[in-house]
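What follows is run32.cif (mmCIF, C-alpha atoms).
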data_protein
#
loop_
_atom_site.label_atom_id
_atom_site.label_comp_id
_atom_site.auth_asym_id
_atom_site.auth_seq_id
_atom_site.Cartn_x
_atom_site.Cartn_y
_atom_site.Cartn_z
CA MET A 1 91.46 240.55 -13.14
CA ASN A 2 91.51 243.89 -11.35
CA ALA A 3 88.43 246.02 -10.65
CA LEU A 4 88.89 248.20 -13.74
CA GLU A 5 89.05 245.09 -15.91
CA PHE A 6 85.81 243.95 -14.27
CA PHE A 7 84.10 247.18 -15.34
CA GLN A 8 85.66 246.91 -18.80
CA LYS A 9 84.02 243.49 -19.02
CA SER A 10 80.77 245.23 -17.99
CA ALA A 11 81.02 247.83 -20.78
CA GLY A 12 77.97 248.37 -22.96
CA LYS A 13 74.20 248.42 -22.73
CA TRP A 14 72.47 245.83 -20.56
CA ARG A 15 68.88 244.77 -20.13
CA SER A 16 68.30 244.12 -16.45
CA GLN A 17 65.62 242.11 -14.66
CA ARG A 18 65.43 242.98 -10.99
CA THR A 19 63.67 241.44 -7.99
CA THR A 20 63.80 242.59 -4.40
CA HIS A 21 62.73 240.24 -1.63
CA HIS A 22 61.48 242.11 1.42
CA LEU A 23 61.57 239.95 4.51
CA ALA A 24 59.43 242.14 6.74
CA PHE A 25 56.65 242.39 4.16
CA ARG A 26 57.11 238.83 2.84
CA ARG A 27 56.69 240.08 -0.64
CA ALA A 28 58.67 240.74 -3.76
CA GLU A 29 59.12 243.90 -5.74
CA ARG A 30 60.29 243.61 -9.28
CA GLY A 31 61.33 245.74 -12.17
CA GLY A 32 63.38 246.10 -15.27
CA SER A 33 65.84 248.60 -16.58
CA GLU A 34 68.40 249.38 -19.20
CA ILE A 35 71.84 250.06 -17.87
CA LEU A 36 74.75 251.66 -19.71
CA VAL A 37 78.25 251.09 -18.40
CA ASN A 38 81.16 253.09 -19.70
CA PRO A 39 84.54 252.31 -18.10
CA LEU A 40 86.85 255.27 -17.59
CA ASN A 41 90.62 255.32 -17.73
CA ALA A 42 92.71 256.64 -14.87
CA ASP A 43 93.43 259.87 -16.76
CA ASP A 44 89.75 260.63 -17.36
CA PRO A 45 88.86 264.11 -16.03
CA LYS A 46 85.89 262.69 -14.07
CA VAL A 47 88.09 260.15 -12.28
CA ILE A 48 90.58 262.89 -11.39
CA GLU A 49 87.75 265.15 -10.18
CA ILE A 50 86.24 262.46 -7.93
CA CYS A 51 89.61 261.71 -6.37
CA GLN A 52 90.07 265.40 -5.68
CA MET A 53 86.58 265.59 -4.08
CA HIS A 54 87.74 262.89 -1.66
CA ALA A 55 91.19 264.44 -1.15
CA ILE A 56 92.86 261.39 -2.68
CA GLU A 57 95.84 261.72 -5.00
CA PRO A 58 94.39 261.04 -8.52
CA THR A 59 97.45 259.08 -9.63
CA ASN A 60 96.43 256.38 -7.12
CA ALA A 61 93.26 255.61 -9.12
CA ILE A 62 93.30 252.87 -11.76
CA GLY A 63 90.17 254.21 -13.47
CA GLY A 64 86.46 254.12 -12.88
CA ALA A 65 83.14 253.97 -14.66
CA TYR A 66 80.17 256.03 -15.69
CA VAL A 67 76.82 254.23 -15.27
CA LYS A 68 73.40 255.40 -16.45
CA TRP A 69 70.13 253.56 -15.88
CA ASP A 70 66.52 253.90 -16.84
CA GLY A 71 63.84 251.60 -15.54
CA THR A 72 60.83 250.82 -13.44
CA MET A 73 60.28 249.21 -10.09
CA ALA A 74 56.87 247.99 -8.97
CA TRP A 75 55.20 246.13 -6.17
CA ASP A 76 54.40 242.81 -7.80
CA LYS A 77 53.27 244.32 -11.06
CA ASP A 78 54.66 245.65 -14.30
CA ASP A 79 53.75 249.31 -14.11
CA GLY A 80 55.38 251.45 -11.49
CA GLU A 81 57.54 254.35 -10.60
CA THR A 82 60.33 255.19 -12.98
CA HIS A 83 63.83 254.93 -11.61
CA SER A 84 66.52 256.53 -13.63
CA GLY A 85 69.79 258.16 -12.86
CA GLU A 86 73.47 258.18 -13.47
CA THR A 87 76.59 257.94 -11.39
CA VAL A 88 80.35 258.10 -11.77
CA PHE A 89 82.91 256.45 -9.57
CA ALA A 90 86.65 255.99 -9.24
CA LEU A 91 88.60 252.90 -8.18
CA VAL A 92 91.53 253.38 -5.82
CA PRO A 93 93.24 250.03 -5.12
CA ASP A 94 95.11 249.15 -1.94
CA ASP A 95 98.05 247.69 -3.85
CA GLU A 96 99.41 247.05 -7.32
CA THR A 97 97.13 244.03 -7.97
CA GLY A 98 94.10 246.37 -8.12
CA ARG A 99 91.92 243.54 -6.77
CA LYS A 100 90.79 245.38 -3.65
CA GLY A 101 90.51 248.92 -2.48
CA LYS A 102 88.20 251.90 -2.28
CA LEU A 103 85.36 252.77 -4.62
CA LEU A 104 84.79 256.53 -4.51
CA ARG A 105 81.48 257.91 -5.67
CA GLU A 106 80.76 261.38 -6.85
CA VAL A 107 79.31 263.63 -4.19
CA GLY A 108 76.12 264.63 -5.94
CA TYR A 109 73.48 267.24 -5.32
CA ALA A 110 71.31 266.19 -2.34
CA GLU A 111 73.67 263.30 -1.58
CA VAL A 112 73.13 262.20 1.99
CA MET A 113 74.93 258.86 2.03
CA PRO A 114 78.63 258.31 2.50
CA VAL A 115 80.26 257.73 -0.82
CA ILE A 116 83.18 255.46 -0.13
CA GLY A 117 82.78 251.71 -0.46
CA ARG A 118 85.26 248.83 -0.21
CA TYR A 119 85.60 246.64 -3.28
CA GLU A 120 87.27 243.31 -3.76
CA ILE A 121 87.61 240.84 -6.62
CA ASP A 122 87.16 237.52 -4.87
CA ASP A 123 88.79 234.20 -5.70
CA GLU A 124 85.93 233.37 -8.10
CA GLU A 125 86.58 236.61 -10.04
CA ALA A 126 83.38 238.18 -8.77
CA LEU A 127 83.30 241.82 -7.65
CA VAL A 128 82.23 242.28 -4.04
CA LEU A 129 81.32 245.74 -2.82
CA ILE A 130 80.72 246.52 0.83
CA THR A 131 79.41 249.90 1.89
CA ASP A 132 78.73 250.88 5.49
CA TYR A 133 76.29 253.66 6.27
CA PRO A 134 75.45 255.07 9.70
CA SER A 135 72.33 252.91 10.02
CA MET A 136 72.82 250.17 7.45
CA SER A 137 75.37 248.04 5.68
CA SER A 138 75.20 246.90 2.09
CA TYR A 139 76.86 243.85 0.52
CA GLU A 140 76.78 243.49 -3.26
CA ARG A 141 78.30 240.77 -5.39
CA PHE A 142 78.53 240.94 -9.19
CA TRP A 143 79.60 238.06 -11.41
CA PHE A 144 79.47 236.80 -14.98
CA PRO A 145 77.92 233.34 -15.48
CA ALA A 146 78.55 233.93 -19.21
CA PRO A 147 80.40 236.75 -21.02
CA ASN A 148 77.11 238.40 -22.03
CA VAL A 149 75.31 237.83 -18.71
CA ARG A 150 75.98 239.59 -15.45
CA VAL A 151 74.27 238.66 -12.21
CA ARG A 152 74.20 240.69 -9.04
CA ALA A 153 72.94 239.90 -5.59
CA SER A 154 72.84 242.51 -2.87
CA THR A 155 71.72 242.36 0.71
CA VAL A 156 70.97 245.31 2.94
CA GLN A 157 71.22 244.99 6.67
CA ARG A 158 69.65 247.81 8.60
CA PHE A 159 70.21 248.68 12.21
CA GLY A 160 68.15 246.11 14.10
CA GLY A 161 68.14 243.34 11.53
CA PHE A 162 68.32 242.10 8.00
CA SER A 163 65.82 243.73 5.68
CA GLN A 164 66.06 242.96 2.01
CA ALA A 165 67.84 241.19 -0.81
CA THR A 166 67.92 242.35 -4.41
CA PHE A 167 68.80 240.20 -7.39
CA CYS A 168 69.45 241.30 -10.93
CA THR A 169 70.03 239.30 -14.07
CA GLU A 170 71.52 241.41 -16.83
CA GLU A 171 71.95 240.56 -20.47
CA LEU A 172 74.26 242.50 -22.77
CA ILE A 173 72.27 243.97 -25.64
CA SER A 174 74.89 246.27 -27.19
CA GLU A 175 78.56 246.93 -26.69
CA ASP A 176 78.16 250.58 -27.65
CA LYS A 177 79.38 253.06 -25.11
CA VAL A 178 78.07 256.53 -24.38
CA GLU A 179 79.67 259.85 -23.81
CA VAL A 180 80.04 260.79 -20.18
CA ALA A 181 77.65 263.56 -19.20
CA ALA A 182 79.25 266.79 -18.08
CA SER A 183 77.65 266.46 -14.66
CA ALA A 184 76.09 263.34 -13.21
CA THR A 185 73.38 263.60 -10.58
CA SER A 186 72.85 261.15 -7.76
CA GLN A 187 69.86 259.70 -5.99
CA PRO A 188 69.63 257.91 -2.63
CA ALA A 189 70.55 254.29 -3.00
CA ILE A 190 68.45 251.56 -1.40
CA ALA A 191 68.49 248.33 -3.36
CA SER A 192 71.86 249.01 -4.86
CA VAL A 193 74.60 251.16 -3.49
CA PHE A 194 74.80 252.73 -6.90
CA GLY A 195 71.08 253.29 -7.30
CA TRP A 196 70.84 251.44 -10.60
CA MET B 1 84.00 226.54 8.53
CA ASN B 2 83.75 223.25 6.66
CA ALA B 3 80.76 222.19 4.58
CA LEU B 4 79.13 220.22 7.39
CA GLU B 5 79.35 223.26 9.65
CA PHE B 6 77.69 225.25 6.88
CA PHE B 7 74.73 222.84 6.89
CA GLN B 8 74.68 222.85 10.69
CA LYS B 9 74.31 226.63 10.45
CA SER B 10 71.42 225.96 8.02
CA ALA B 11 69.62 223.64 10.46
CA GLY B 12 65.94 224.28 11.09
CA LYS B 13 62.83 225.43 9.28
CA TRP B 14 63.12 228.26 6.78
CA ARG B 15 60.60 230.40 4.94
CA SER B 16 61.91 230.91 1.43
CA GLN B 17 61.03 233.53 -1.18
CA ARG B 18 62.14 232.52 -4.65
CA THR B 19 62.42 234.30 -7.98
CA THR B 20 63.67 232.90 -11.26
CA HIS B 21 64.70 235.27 -14.04
CA HIS B 22 64.33 233.68 -17.46
CA LEU B 23 66.41 235.48 -20.05
CA ALA B 24 64.85 233.93 -23.15
CA PHE B 25 61.33 234.77 -22.01
CA ARG B 26 62.29 238.09 -20.37
CA ARG B 27 60.05 237.30 -17.49
CA ALA B 28 60.22 236.27 -13.88
CA GLU B 29 58.73 233.30 -12.13
CA ARG B 30 58.33 233.44 -8.40
CA GLY B 31 57.30 231.31 -5.51
CA GLY B 32 57.60 230.55 -1.89
CA SER B 33 58.31 227.50 0.18
CA GLU B 34 59.10 226.14 3.56
CA ILE B 35 62.38 224.28 3.79
CA LEU B 36 63.51 221.98 6.56
CA VAL B 37 67.22 221.29 6.90
CA ASN B 38 68.49 218.55 9.17
CA PRO B 39 72.27 218.08 9.22
CA LEU B 40 73.49 214.50 9.51
CA ASN B 41 76.61 213.24 11.21
CA ALA B 42 79.16 211.10 9.43
CA ASP B 43 77.92 207.98 11.17
CA ASP B 44 74.30 208.48 10.12
CA PRO B 45 72.98 205.39 8.27
CA LYS B 46 71.76 207.57 5.36
CA VAL B 47 75.20 209.10 4.88
CA ILE B 48 76.79 205.64 4.91
CA GLU B 49 74.18 204.35 2.46
CA ILE B 50 74.73 207.21 -0.02
CA CYS B 51 78.49 206.70 0.05
CA GLN B 52 77.96 203.02 -0.65
CA MET B 53 75.62 203.86 -3.58
CA HIS B 54 78.50 205.84 -5.08
CA ALA B 55 81.13 203.21 -4.19
CA ILE B 56 82.89 205.65 -1.89
CA GLU B 57 84.33 204.57 1.45
CA PRO B 58 81.84 205.93 4.06
CA THR B 59 84.59 206.89 6.51
CA ASN B 60 85.67 209.57 4.00
CA ALA B 61 82.39 211.47 4.52
CA ILE B 62 82.20 214.24 7.13
CA GLY B 63 78.39 214.11 7.25
CA GLY B 64 75.52 215.34 5.16
CA ALA B 65 72.01 216.71 5.38
CA TYR B 66 68.38 215.80 4.91
CA VAL B 67 66.32 218.53 3.24
CA LYS B 68 62.55 218.63 2.76
CA TRP B 69 60.64 221.40 0.99
CA ASP B 70 57.06 222.31 0.30
CA GLY B 71 56.09 225.24 -1.83
CA THR B 72 54.67 226.78 -4.94
CA MET B 73 56.13 228.24 -8.09
CA ALA B 74 54.11 230.41 -10.42
CA TRP B 75 54.48 232.51 -13.51
CA ASP B 76 54.25 236.03 -12.14
CA LYS B 77 51.42 235.26 -9.76
CA ASP B 78 50.81 233.80 -6.33
CA ASP B 79 48.92 230.64 -7.14
CA GLY B 80 50.68 227.90 -8.98
CA GLU B 81 51.93 224.38 -9.12
CA THR B 82 53.02 222.83 -5.89
CA HIS B 83 56.64 221.80 -5.62
CA SER B 84 57.55 219.57 -2.79
CA GLY B 85 60.12 216.92 -2.21
CA GLU B 86 62.97 215.76 -0.10
CA THR B 87 66.58 214.82 -0.63
CA VAL B 88 69.54 213.50 1.29
CA PHE B 89 73.18 214.05 0.49
CA ALA B 90 76.63 213.25 1.83
CA LEU B 91 79.72 215.47 1.91
CA VAL B 92 83.06 213.90 0.99
CA PRO B 93 85.88 216.43 1.33
CA ASP B 94 89.12 216.43 -0.67
CA ASP B 95 91.25 217.01 2.39
CA GLU B 96 91.12 217.43 6.16
CA THR B 97 89.93 221.07 5.99
CA GLY B 98 86.55 219.84 4.67
CA ARG B 99 86.18 223.10 2.74
CA LYS B 100 85.94 221.52 -0.70
CA GLY B 101 85.05 218.17 -2.12
CA LYS B 102 82.22 216.10 -3.50
CA LEU B 103 78.53 216.36 -2.66
CA LEU B 104 76.88 213.00 -3.28
CA ARG B 105 73.15 212.85 -3.74
CA GLU B 106 70.90 209.91 -3.23
CA VAL B 107 70.05 208.09 -6.42
CA GLY B 108 66.29 208.27 -6.22
CA TYR B 109 63.46 206.65 -8.07
CA ALA B 110 63.19 208.17 -11.58
CA GLU B 111 66.47 210.02 -11.05
CA VAL B 112 67.87 210.99 -14.43
CA MET B 113 70.50 213.55 -13.49
CA PRO B 114 74.03 212.83 -12.32
CA VAL B 115 74.20 213.08 -8.59
CA ILE B 116 77.72 214.21 -7.84
CA GLY B 117 78.46 217.89 -7.44
CA ARG B 118 81.58 219.78 -6.41
CA TYR B 119 81.30 221.97 -3.32
CA GLU B 120 83.58 224.61 -1.93
CA ILE B 121 83.45 227.03 0.97
CA ASP B 122 84.90 230.19 -0.56
CA ASP B 123 86.99 232.85 1.13
CA GLU B 124 83.83 234.74 2.14
CA GLU B 125 82.50 231.61 3.93
CA ALA B 126 79.83 231.06 1.29
CA LEU B 127 79.06 227.58 0.00
CA VAL B 128 79.54 227.22 -3.75
CA LEU B 129 78.15 224.17 -5.49
CA ILE B 130 78.95 223.35 -9.10
CA THR B 131 77.19 220.50 -10.87
CA ASP B 132 77.83 219.54 -14.47
CA TYR B 133 75.19 217.64 -16.40
CA PRO B 134 75.48 216.33 -19.96
CA SER B 135 73.67 219.35 -21.43
CA MET B 136 73.87 221.96 -18.70
CA SER B 137 75.97 223.29 -15.87
CA SER B 138 74.69 224.68 -12.61
CA TYR B 139 76.42 227.13 -10.27
CA GLU B 140 74.87 227.77 -6.86
CA ARG B 141 76.12 230.01 -4.09
CA PHE B 142 74.64 230.07 -0.57
CA TRP B 143 75.54 232.59 2.08
CA PHE B 144 74.33 234.11 5.34
CA PRO B 145 73.93 237.89 5.39
CA ALA B 146 72.70 237.43 9.00
CA PRO B 147 72.59 234.31 11.21
CA ASN B 148 68.84 233.89 10.60
CA VAL B 149 68.90 234.76 6.89
CA ARG B 150 70.28 232.63 4.10
CA VAL B 151 70.51 233.82 0.51
CA ARG B 152 71.13 231.69 -2.54
CA ALA B 153 71.79 232.58 -6.12
CA SER B 154 72.00 229.96 -8.80
CA THR B 155 72.63 230.19 -12.51
CA VAL B 156 72.00 227.49 -15.05
CA GLN B 157 73.88 227.45 -18.31
CA ARG B 158 72.46 225.14 -20.89
CA PHE B 159 74.19 223.88 -23.99
CA GLY B 160 74.06 226.82 -26.39
CA GLY B 161 73.89 229.62 -23.85
CA PHE B 162 72.92 231.00 -20.51
CA SER B 163 69.30 230.45 -19.61
CA GLN B 164 68.19 231.36 -16.11
CA ALA B 165 69.08 232.66 -12.69
CA THR B 166 67.24 231.80 -9.49
CA PHE B 167 67.41 233.77 -6.26
CA CYS B 168 66.12 232.79 -2.87
CA THR B 169 65.92 234.72 0.36
CA GLU B 170 65.33 232.46 3.33
CA GLU B 171 64.43 233.40 6.85
CA LEU B 172 64.78 231.00 9.78
CA ILE B 173 61.41 230.46 11.41
CA SER B 174 62.22 227.58 13.75
CA GLU B 175 65.31 225.73 14.82
CA ASP B 176 63.39 222.48 15.25
CA LYS B 177 64.69 219.55 13.31
CA VAL B 178 62.77 216.66 11.83
CA GLU B 179 63.27 212.96 11.75
CA VAL B 180 64.84 211.68 8.57
CA ALA B 181 62.37 209.79 6.45
CA ALA B 182 63.14 206.14 5.91
CA SER B 183 63.32 206.68 2.17
CA ALA B 184 63.66 210.03 0.45
CA THR B 185 62.43 210.47 -3.08
CA SER B 186 63.95 212.79 -5.63
CA GLN B 187 62.61 214.96 -8.40
CA PRO B 188 64.39 216.45 -11.42
CA ALA B 189 66.18 219.62 -10.44
CA ILE B 190 65.98 222.70 -12.61
CA ALA B 191 66.26 225.91 -10.62
CA SER B 192 68.27 224.30 -7.88
CA VAL B 193 70.45 221.26 -8.09
CA PHE B 194 68.65 220.00 -5.04
CA GLY B 195 65.16 220.70 -6.29
CA TRP B 196 64.17 222.76 -3.28
#

Take the structure in this file and express it as structure tokens.
Amino acid sequence: MNALEFFQKSAGKWRSQRTTHHLAFRRAERGGSEILVNPLNADDPKVIEICQMHAIEPTNAIGGAYVKWDGTMAWDKDDGETHSGETVFALVPDDETGRKGKLLREVGYAEVMPVIGRYEIDDEEALVLITDYPSMSSYERFWFPAPNVRVRASTVQRFGGFSQATFCTEELISEDKVEVAASATSQPAIASVFGW
Amino acid sequence: MNALEFFQKSAGKWRSQRTTHHLAFRRAERGGSEILVNPLNADDPKVIEICQMHAIEPTNAIGGAYVKWDGTMAWDKDDGETHSGETVFALVPDDETGRKGKLLREVGYAEVMPVIGRYEIDDEEALVLITDYPSMSSYERFWFPAPNVRVRASTVQRFGGFSQATFCTEELISEDKVEVAASATSQPAIASVFGW
């Protein structure tokens, strides 16, 4: 399985349960969201555009994905701030297996974070994504315990020590895809590199 | 790193934050506990005894661990049922690397589950533990995002479909070890194969 195939397996609408464990505060923050994943082929105009933003030859990409999310995040309760957004990214593998390489994100309005991550499909067919920022490093691992269930675990290490872990359990509720928006906006990522 | 080295890295007293996502109920259950991990050498009497229980030649074991936990688990709130217990297990690798093999658990009083799991240190130096029961299968992955932080994610698939995912974030609070109890009791495992 290459990274594009992983996102093809992720296609559709998912109901996500999320929990973040904060070590410093010794408390948990939880939330829920709906996430739409639409894989993109290598010849998709958005994939070509993102490669060009990063000065990478678009023919090196194997595809990408458009992701949209809508949800809430709260400190130990159900009501809370709404978190929604969308993002688009392109996958540029290191070699012909497509199992590891660069994940390029769109440079959005007010984007302050670097937008290149390293991805790898590990030997258990999970997707691992590592993104280094100037003051923090993020590790995310996505896998499918069942075809209609995706789990992700991400840990964020900030300068000076480990800070938080976020866990999501996602159930496929519809395989429908959505049209890619003409322009996707970004928001600063904390729990997830992607923001969703 | 072999499996014994993984448990040596886990030695000490940990403060654990736990969240279980139940898909069928669309809700989360959370809790906290203190976990003590004491790695055991191959010549430890408990390791030898567990091998003998399973009719496995004790010299094949590379060691094991004694684990004791004390905590609470609640439906979306802080107060709840107390969960405490202890377990001992032995590691019997398939080959001289010690990176994969069998994890044998003590057959305790009122033990109804099978007590042999398969372990593997994966290519990211995480410990993966797979245990198949007659009506369910458990996958657990443990890793260290920092030397003093251990994360675990486990998914349980029951006959008929996926049911729950449990996530723990554990912070080392003391490297002190404890004496192994003369006789460890077991309790049925649900979230974690070990019970902790």

Produce a table with one row for each residue of chain B that has an atom at most 10 Å from any atom of chain A, each row naming the nearest atom pair and its distance in Å at one decimal; use all atoms listed in the file; arrange rows by chain and rising residue number; format as JSON lines.
{"residue": "B:Arg15", "atom": "CA", "partner": "A:Arg26", "partner_atom": "CA", "distance": 9.4}
{"residue": "B:Ser16", "atom": "CA", "partner": "A:Arg26", "partner_atom": "CA", "distance": 9.4}
{"residue": "B:Gln17", "atom": "CA", "partner": "A:His21", "partner_atom": "CA", "distance": 6.9}
{"residue": "B:Arg18", "atom": "CA", "partner": "A:His21", "partner_atom": "CA", "distance": 8.3}
{"residue": "B:Thr19", "atom": "CA", "partner": "A:Thr19", "partner_atom": "CA", "distance": 7.2}
{"residue": "B:Thr20", "atom": "CA", "partner": "A:Thr19", "partner_atom": "CA", "distance": 9.1}
{"residue": "B:His21", "atom": "CA", "partner": "A:Thr169", "partner_atom": "CA", "distance": 6.7}
{"residue": "B:His22", "atom": "CA", "partner": "A:Thr169", "partner_atom": "CA", "distance": 8.7}
{"residue": "B:Leu23", "atom": "CA", "partner": "A:Glu171", "partner_atom": "CA", "distance": 7.5}
{"residue": "B:Arg26", "atom": "CA", "partner": "A:Gln17", "partner_atom": "CA", "distance": 7.7}
{"residue": "B:Arg27", "atom": "CA", "partner": "A:Gln17", "partner_atom": "CA", "distance": 7.9}
{"residue": "B:Ala28", "atom": "CA", "partner": "A:Gln17", "partner_atom": "CA", "distance": 8.0}
{"residue": "B:Arg30", "atom": "CA", "partner": "A:Ala28", "partner_atom": "CA", "distance": 8.7}
{"residue": "B:Gly31", "atom": "CA", "partner": "A:Ala28", "partner_atom": "CA", "distance": 9.7}
{"residue": "B:Gly32", "atom": "CA", "partner": "A:Arg26", "partner_atom": "CA", "distance": 9.5}
{"residue": "B:Asp76", "atom": "CA", "partner": "A:Asp76", "partner_atom": "CA", "distance": 8.1}
{"residue": "B:Lys77", "atom": "CA", "partner": "A:Asp76", "partner_atom": "CA", "distance": 8.4}
{"residue": "B:Asp78", "atom": "CA", "partner": "A:Asp76", "partner_atom": "CA", "distance": 9.8}
{"residue": "B:Asp122", "atom": "CA", "partner": "A:Asp123", "partner_atom": "CA", "distance": 7.6}
{"residue": "B:Asp123", "atom": "CA", "partner": "A:Asp123", "partner_atom": "CA", "distance": 7.2}
{"residue": "B:Glu124", "atom": "CA", "partner": "A:Asp122", "partner_atom": "CA", "distance": 8.2}
{"residue": "B:Val128", "atom": "CA", "partner": "A:Glu124", "partner_atom": "CA", "distance": 9.9}
{"residue": "B:Ser138", "atom": "CA", "partner": "A:Pro145", "partner_atom": "CA", "distance": 9.7}
{"residue": "B:Tyr139", "atom": "CA", "partner": "A:Pro145", "partner_atom": "CA", "distance": 8.2}
{"residue": "B:Phe144", "atom": "CA", "partner": "A:Thr155", "partner_atom": "CA", "distance": 9.8}
{"residue": "B:Pro145", "atom": "CA", "partner": "A:Thr155", "partner_atom": "CA", "distance": 6.8}
{"residue": "B:Ala146", "atom": "CA", "partner": "A:Phe162", "partner_atom": "CA", "distance": 6.5}
{"residue": "B:Pro147", "atom": "CA", "partner": "A:Phe162", "partner_atom": "CA", "distance": 9.4}
{"residue": "B:Asn148", "atom": "CA", "partner": "A:Phe162", "partner_atom": "CA", "distance": 8.6}
{"residue": "B:Val149", "atom": "CA", "partner": "A:Phe162", "partner_atom": "CA", "distance": 7.4}
{"residue": "B:Val151", "atom": "CA", "partner": "A:Ala165", "partner_atom": "CA", "distance": 7.9}
{"residue": "B:Arg152", "atom": "CA", "partner": "A:Ala153", "partner_atom": "CA", "distance": 8.9}
{"residue": "B:Ala153", "atom": "CA", "partner": "A:Ala153", "partner_atom": "CA", "distance": 7.4}
{"residue": "B:Ser154", "atom": "CA", "partner": "A:Pro145", "partner_atom": "CA", "distance": 9.5}
{"residue": "B:Thr155", "atom": "CA", "partner": "A:Pro145", "partner_atom": "CA", "distance": 6.8}
{"residue": "B:Val156", "atom": "CA", "partner": "A:Pro145", "partner_atom": "CA", "distance": 8.3}
{"residue": "B:Gln157", "atom": "CA", "partner": "A:Pro145", "partner_atom": "CA", "distance": 7.7}
{"residue": "B:Gly161", "atom": "CA", "partner": "A:Ala146", "partner_atom": "CA", "distance": 7.9}
{"residue": "B:Phe162", "atom": "CA", "partner": "A:Ala146", "partner_atom": "CA", "distance": 6.5}
{"residue": "B:Ser163", "atom": "CA", "partner": "A:Val149", "partner_atom": "CA", "distance": 9.6}
{"residue": "B:Gln164", "atom": "CA", "partner": "A:Thr169", "partner_atom": "CA", "distance": 8.4}
{"residue": "B:Ala165", "atom": "CA", "partner": "A:Thr169", "partner_atom": "CA", "distance": 6.8}
{"residue": "B:Thr166", "atom": "CA", "partner": "A:Phe167", "partner_atom": "CA", "distance": 8.8}
{"residue": "B:Phe167", "atom": "CA", "partner": "A:Phe167", "partner_atom": "CA", "distance": 6.7}
{"residue": "B:Cys168", "atom": "CA", "partner": "A:His21", "partner_atom": "CA", "distance": 8.3}
{"residue": "B:Thr169", "atom": "CA", "partner": "A:His21", "partner_atom": "CA", "distance": 6.7}
{"residue": "B:Glu170", "atom": "CA", "partner": "A:Leu23", "partner_atom": "CA", "distance": 8.5}
{"residue": "B:Glu171", "atom": "CA", "partner": "A:Leu23", "partner_atom": "CA", "distance": 7.5}

Residues of the last selection are to be written out with C-alpha atoms, as a tab-separated table (two decimals), in the frame of the given file.
chain	number	residue	atom	x	y	z
B	15	ARG	CA	60.60	230.40	4.94
B	16	SER	CA	61.91	230.91	1.43
B	17	GLN	CA	61.03	233.53	-1.18
B	18	ARG	CA	62.14	232.52	-4.65
B	19	THR	CA	62.42	234.30	-7.98
B	20	THR	CA	63.67	232.90	-11.26
B	21	HIS	CA	64.70	235.27	-14.04
B	22	HIS	CA	64.33	233.68	-17.46
B	23	LEU	CA	66.41	235.48	-20.05
B	26	ARG	CA	62.29	238.09	-20.37
B	27	ARG	CA	60.05	237.30	-17.49
B	28	ALA	CA	60.22	236.27	-13.88
B	30	ARG	CA	58.33	233.44	-8.40
B	31	GLY	CA	57.30	231.31	-5.51
B	32	GLY	CA	57.60	230.55	-1.89
B	76	ASP	CA	54.25	236.03	-12.14
B	77	LYS	CA	51.42	235.26	-9.76
B	78	ASP	CA	50.81	233.80	-6.33
B	122	ASP	CA	84.90	230.19	-0.56
B	123	ASP	CA	86.99	232.85	1.13
B	124	GLU	CA	83.83	234.74	2.14
B	128	VAL	CA	79.54	227.22	-3.75
B	138	SER	CA	74.69	224.68	-12.61
B	139	TYR	CA	76.42	227.13	-10.27
B	144	PHE	CA	74.33	234.11	5.34
B	145	PRO	CA	73.93	237.89	5.39
B	146	ALA	CA	72.70	237.43	9.00
B	147	PRO	CA	72.59	234.31	11.21
B	148	ASN	CA	68.84	233.89	10.60
B	149	VAL	CA	68.90	234.76	6.89
B	151	VAL	CA	70.51	233.82	0.51
B	152	ARG	CA	71.13	231.69	-2.54
B	153	ALA	CA	71.79	232.58	-6.12
B	154	SER	CA	72.00	229.96	-8.80
B	155	THR	CA	72.63	230.19	-12.51
B	156	VAL	CA	72.00	227.49	-15.05
B	157	GLN	CA	73.88	227.45	-18.31
B	161	GLY	CA	73.89	229.62	-23.85
B	162	PHE	CA	72.92	231.00	-20.51
B	163	SER	CA	69.30	230.45	-19.61
B	164	GLN	CA	68.19	231.36	-16.11
B	165	ALA	CA	69.08	232.66	-12.69
B	166	THR	CA	67.24	231.80	-9.49
B	167	PHE	CA	67.41	233.77	-6.26
B	168	CYS	CA	66.12	232.79	-2.87
B	169	THR	CA	65.92	234.72	0.36
B	170	GLU	CA	65.33	232.46	3.33
B	171	GLU	CA	64.43	233.40	6.85

Surrounding residues of Ala61 in chain A excluding itself and chain neighbours under 2 positions, 6 Å, only C-alpha atoms, as a PDB file with C-alpha atoms, keeping the file's coordinate frame:
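Saved file selection_22.pdb follows:
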ATOM      1  CA  ALA A  42      92.710 256.640 -14.870  1.00  0.00           C
ATOM      2  CA  PRO A  58      94.390 261.040  -8.520  1.00  0.00           C
ATOM      3  CA  THR A  59      97.450 259.080  -9.630  1.00  0.00           C
ATOM      4  CA  GLY A  63      90.170 254.210 -13.470  1.00  0.00           C
ATOM      5  CA  LEU A  91      88.600 252.900  -8.180  1.00  0.00           C
ATOM      6  CA  VAL A  92      91.530 253.380  -5.820  1.00  0.00           C
TER       7      VAL A  92
END

Explicit residue set for the PyMOL selection byres ((chain B and resi 50) around 9), as a PyMOL selection string:
chain B and resi 45-49+51-56+58+88-90+104-107

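Of the listed residues (A:Arg158, A:Glu57, A:Asp43, A:Lys68), A:Lys68 comes nearest to Trp14 in chain A; the distances count all atoms listed in the file.
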
With distances taken over all atoms listed in the file, the candidate from B:Glu5, B:Lys13, B:Gly160, B:Trp143 nearest Asp70 in chain B is B:Lys13

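Reported to one decimal place, the separation of CA of Ser137 in chain B from CA of Ala24 in chain B is 17.0 Å.
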
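Close contacts of Asp94 in chain A, defined as residues with an atom at most 12 Å away when counting all atoms listed in the file, with chain neighbours fewer than 2 positions off set aside, comprise Asn2, Ala3, Asn60, Ala61, Ile62, Leu91, Val92, Glu96, Thr97, Gly98, Arg99, Lys100, Gly101, Lys102, Leu103, Arg118, Tyr119 and Glu120 of chain A.
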